[in-house]
Every structure is written in C-alpha cells, then in structure tokens.
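Novice: Below you'll find the structure I mean.
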Amino acid sequence: MELKLTGKTAVITGASHGLGRAVAMKLAGLGAHTVLLARRPDPLNQVAETIQANGGAASIYPCDVSDAESVKANAARIQDAFGAVDILINNAGIPAPRSFEETDSSDWDAVIGVNLSGVFYLTRALWDCLLSAESAYVLNISGTAGLRGGGSPAYGSSKFGLTGLNYAIAQAGKAQNIRSTILYPGGMDTGWRGAPIGVLRRSESMDPDVVADMVAHLVTSPPEFVVNEAVLNPLDYPFM
C-alpha cells in the first residue's frame, strides 16, 4: 500500500469512536501522524494503542471542542509539537432531542457548541498551523440533516450552519493553499443514538470504514482542485 501521507500531520476530532476512529485508522495506515481529539482520554488511548500496534503514529489530546479555552490550550500544544498541520478533520458531533417541543436552551447550547462552534474554535486556533503546511486540507463532517433539516432544531441548525462555515473557511484559505470540503454522509453503522451495530444491511447503513476511505480519497486528491461538497448515502437511499 502506498503511504501517501508519510510526513503529514492529521488532526481528527471525535476520534475515540465511530467515523472519527475509522478515519484515524485509515489516515494512520497511509502514513500520517494522527493527532486524536475527544473528550474522554481512555477511549482515545485505546485508538492510539491500536494504531501504534499496527505500525502507525498517534498522539492524544483530550479536549472538549465546545470549550474555547480548552481548544486554544490544546491547539498551542499541537503547534509546539508538530508546527504544521496538513489535515484537519472536524468530525466531533453530538445528537439532540428530535422534536421542537423536547428541545430546551441547554440542549441548543450543547449541540451548537460541539457541532458548529467547536469547528470554528479549532479551525481558527489551528489556522497558523494550517498556513504552515505546504497544502492543507480541512474536511468538515456534516450529515444529510445539513441538506434537508429535520425535526431537531438544534441538530439541523448546527449542520446548516456548518455549511456556511465551510464556505467561509474555503474562502479564507484559497489564496493560502488551504482547501475545505464539507461531507454529508447519510446513515452509518456507528451506534449513533445507541442504535445496535451490525443489524442493518450495508445497503441501508454505511460501514464507517468505507466512508473513511472516501475521506482519505479527498484529502489525498491533487491540490489543483477542491471538492466543495460531497453527499454519501446508502444504496437504498440514493436521493435526498
């Protein structure tokens, strides 16, 4: 296997499970030094140990991306350790009550804090590191709720807002060789909201490892172009 990311540093949020873990494993397998962020250190350590056992490189930074001061402190540590950041995968996200009536202000603040503000906090805090890379890539993980909304006002709003933020990042970075893509994946077999894993057919729920392959394809694409946005759906749900 060609190690396309040898010598590159990749920061992944929400890296302790689900798609974040799958992306970390994939990018480490391509030679990147993976910098793993999530709130809980124990699951992060497990992912890092698995990567290292497979011959990859990983460092962990326990961090709540919704806490601006925690983000700044960890970004400073990352800058001291690595200097440049070549890839930033903003994957961390949390669900919310589905109905308008169930959502209160604390739900709103928590979901917007992680799913939207956290992306801004970390991308802004690592901006100098991204500028230091020869050609940096920011990939923001949304979801199909970012295209069609849904019953949850907090979750849908956070993902619609992420679309606007992605384009602002792309606009700010275009003259500095920073590309930014927003990825809208449909249903994935990650245990989201406590759903059982491995029950649905692959045509109904995508394997996160396969979605991670798409992430790797994007971040290793030629720097002469950018994929502004990409929508991935299970085969049984090919249209929005």
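Every chain in the structure tokens takes a letter, A first, then B, and so on in the order presented; its residues are numbered from 1, and the ligands are numbered from 1 following the presented order.
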Run DSSP on the backbone and tell me which residues of range 142-240 of chain A come out as alpha helix (DSSP H); list them as an MDAnalysis selection string.

Specialist: chainID A and resid 145:148 153:173 208:219

Novice: So which bits of range 49-238 of chain A end up strand (DSSP E or B) when you DSSP the backbone, as JSON, numbers by chain?

Specialist: {"A": [57, 58, 59, 60, 61, 62, 87, 88, 89, 90, 136, 137, 138, 139, 140, 141, 178, 179, 180, 181, 182, 183, 184, 185, 188, 206, 229, 230, 231, 232]}

Novice: Select, from A:Thr103, A:Ser70, A:Asn233, A:Gln52, the residue with the minimum atom-to-atom distance to Ala125 in chain A, counting only C-alpha atoms.

Specialist: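 Using only C-alpha atoms, the shortest distance to Ala125 in chain A belongs to A:Ser70.
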
Novice: Compile the contact shell of Glu49 in chain A as a list in words: residues with an atom at most 12 Å away, counting only C-alpha atoms, same-chain residues fewer than 3 positions apart removed.

Specialist: Ser16, Arg21, Ala24, Met25, Ala28, Thr34, Leu36, Asp42, Pro43, Leu44, Asn45, Gln46, Gln52, Ala53, Asn54, Gly55, Gly56, Ala57, Ala58, Ser59 and Ile60 of chain A

Novice: Looking at only C-alpha atoms, which of A:Asp67, A:Asp236, A:Glu2, A:Glu229 is the one that sits closest to Leu147 in chain A?

Specialist: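 Going through A:Asp67, A:Asp236, A:Glu2, A:Glu229 one by one, the smallest distance to Leu147 in chain A is for A:Glu229.
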
Novice: Could you work out how far CA of Asp86 in chain A lies from CA of Ala136 in chain A, giving the answer in Å with one decimal?

Specialist: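 These two atoms are separated by 4.5 Å.
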
Novice: Just the number, please: distance in Å from CA of Ala73 in chain A to CA of Gly156 in chain A, one decimal.

Specialist: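 Distance reported for this atom pair: 29.3 Å.
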
Novice: Tell me, in Å to one decimal, how far CA of Asn90 in chain A is from CA of Ala15 in chain A.

Specialist: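 Taking CA of Asn90 in chain A and CA of Ala15 in chain A, their separation equals 9.7 Å.
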
Novice: Which one is closest to Gly173 in chain A: A:Arg148, A:Gly187, A:Ile141, A:Ala133? Count only C-alpha atoms.

Specialist: A:Ala133

Novice: Between A:Thr220, A:Leu183, A:Asp107, A:Val226, which one has atoms that come closest to Gly31 in chain A, using only C-alpha atoms?

Specialist: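 Result for the nearest residue to Gly31 in chain A: A:Thr220.
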
Novice: Can you list, as a PyMOL selection string, every protein, DNA or RNA residue that comes within 8 Å of Gly83 in chain A when you count only C-alpha atoms, leaving out same-chain residues fewer than 5 positions away?

Specialist: chain A and resi 78+129+132

Novice: Which is closer to Arg98 in chain A than all the others in A:Leu126, A:Pro153, A:Glu204, A:Val231, using only C-alpha atoms?

Specialist: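 Between A:Leu126, A:Pro153, A:Glu204, A:Val231, the residue approaching Arg98 in chain A most closely is A:Pro153.
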
Novice: With only C-alpha atoms as the basis for distance, which of A:Ile182, A:Asp207, A:Ala48, A:Gly151 is at the shortest distance from Leu19 in chain A?

Specialist: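 Using only C-alpha atoms, the shortest distance to Leu19 in chain A belongs to A:Asp207.
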
Novice: Write out as a list of chain:residue names each polymer residue whose atoms come within 12 Å of Ala170 in chain A, counting only C-alpha atoms; drop sequence neighbours fewer than 4 positions from it.

Specialist: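 Counting only C-alpha atoms, the residues come to A:Thr123, A:Ala136, A:Tyr137, A:Val138, A:Leu139, A:Asn140, A:Thr163, A:Gly164, A:Leu165, A:Asn166, A:Lys174, A:Ala175, A:Gln176, A:Asn177, A:Ile178, A:Arg179, A:Ser180, A:Thr181, A:Ile182, A:Phe225, A:Val226, A:Val227, A:Asn228, A:Glu229.
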
Novice: Write out, as a short mmCIF file (atom, residue, chain, number, x, y, z; two decimals), in the first residue's frame, the residues just selected, with N, CA, C and O atoms.

Specialist:
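again30.cif was written with the following content:
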```cif
data_model
loop_
_atom_site.label_atom_id
_atom_site.label_comp_id
_atom_site.auth_asym_id
_atom_site.auth_seq_id
_atom_site.Cartn_x
_atom_site.Cartn_y
_atom_site.Cartn_z
N THR A 123 -10.63 25.17 14.15
CA THR A 123 -10.05 25.60 12.87
C THR A 123 -9.35 26.94 13.03
O THR A 123 -8.25 27.15 12.52
N ALA A 136 -2.73 22.53 2.88
CA ALA A 136 -3.53 21.96 3.96
C ALA A 136 -4.94 21.64 3.48
O ALA A 136 -5.44 22.20 2.50
N TYR A 137 -5.57 20.72 4.20
CA TYR A 137 -6.93 20.30 3.86
C TYR A 137 -7.78 20.27 5.13
O TYR A 137 -7.43 19.62 6.10
N VAL A 138 -8.90 20.99 5.10
CA VAL A 138 -9.88 20.97 6.18
C VAL A 138 -11.11 20.23 5.67
O VAL A 138 -11.65 20.57 4.62
N LEU A 139 -11.51 19.20 6.39
CA LEU A 139 -12.70 18.45 5.99
C LEU A 139 -13.69 18.47 7.15
O LEU A 139 -13.38 18.03 8.26
N ASN A 140 -14.87 19.02 6.88
CA ASN A 140 -15.90 19.17 7.90
C ASN A 140 -16.99 18.13 7.68
O ASN A 140 -17.62 18.07 6.62
N THR A 163 -22.42 24.31 6.95
CA THR A 163 -22.26 24.57 5.51
C THR A 163 -21.73 25.97 5.28
O THR A 163 -20.78 26.18 4.51
N GLY A 164 -22.32 26.95 5.95
CA GLY A 164 -21.85 28.32 5.81
C GLY A 164 -20.43 28.50 6.31
O GLY A 164 -19.61 29.19 5.68
N LEU A 165 -20.11 27.84 7.42
CA LEU A 165 -18.76 27.94 7.97
C LEU A 165 -17.75 27.31 7.04
O LEU A 165 -16.64 27.84 6.84
N ASN A 166 -18.10 26.18 6.43
CA ASN A 166 -17.19 25.53 5.49
C ASN A 166 -16.82 26.47 4.35
O ASN A 166 -15.65 26.56 3.96
N LYS A 174 -8.28 29.97 0.35
CA LYS A 174 -8.00 29.67 -1.06
C LYS A 174 -6.68 30.27 -1.55
O LYS A 174 -5.99 29.65 -2.37
N ALA A 175 -6.32 31.43 -1.07
CA ALA A 175 -5.07 32.05 -1.51
C ALA A 175 -3.86 31.50 -0.76
O ALA A 175 -2.72 31.83 -1.09
N GLN A 176 -4.12 30.67 0.25
CA GLN A 176 -3.04 30.14 1.10
C GLN A 176 -2.89 28.63 0.94
O GLN A 176 -2.27 27.98 1.78
N ASN A 177 -3.46 28.08 -0.13
CA ASN A 177 -3.38 26.64 -0.37
C ASN A 177 -4.03 25.82 0.74
O ASN A 177 -3.59 24.72 1.06
N ILE A 178 -5.11 26.36 1.31
CA ILE A 178 -5.92 25.61 2.26
C ILE A 178 -7.25 25.28 1.58
O ILE A 178 -8.01 26.19 1.23
N ARG A 179 -7.49 24.00 1.38
CA ARG A 179 -8.76 23.57 0.80
C ARG A 179 -9.73 23.17 1.91
O ARG A 179 -9.32 22.74 2.98
N SER A 180 -11.02 23.33 1.65
CA SER A 180 -12.03 22.97 2.64
C SER A 180 -13.21 22.30 1.95
O SER A 180 -13.75 22.82 0.97
N THR A 181 -13.58 21.15 2.46
CA THR A 181 -14.69 20.36 1.93
C THR A 181 -15.68 20.08 3.04
O THR A 181 -15.29 19.84 4.19
N ILE A 182 -16.97 20.08 2.69
CA ILE A 182 -17.98 19.60 3.63
C ILE A 182 -18.54 18.29 3.10
O ILE A 182 -18.89 18.17 1.93
N PHE A 225 -7.28 21.19 -7.37
CA PHE A 225 -8.73 21.40 -7.32
C PHE A 225 -9.23 21.10 -5.91
O PHE A 225 -8.53 20.52 -5.09
N VAL A 226 -10.48 21.49 -5.66
CA VAL A 226 -11.11 21.19 -4.38
C VAL A 226 -12.51 20.65 -4.64
O VAL A 226 -13.22 21.13 -5.53
N VAL A 227 -12.89 19.64 -3.91
CA VAL A 227 -14.27 19.17 -3.90
C VAL A 227 -15.00 20.00 -2.84
O VAL A 227 -14.75 19.86 -1.65
N ASN A 228 -15.86 20.89 -3.28
CA ASN A 228 -16.53 21.79 -2.34
C ASN A 228 -17.43 21.04 -1.36
O ASN A 228 -17.45 21.33 -0.16
N GLU A 229 -18.19 20.08 -1.89
CA GLU A 229 -19.08 19.31 -1.03
C GLU A 229 -19.32 17.94 -1.65
O GLU A 229 -19.22 17.76 -2.87
#
```
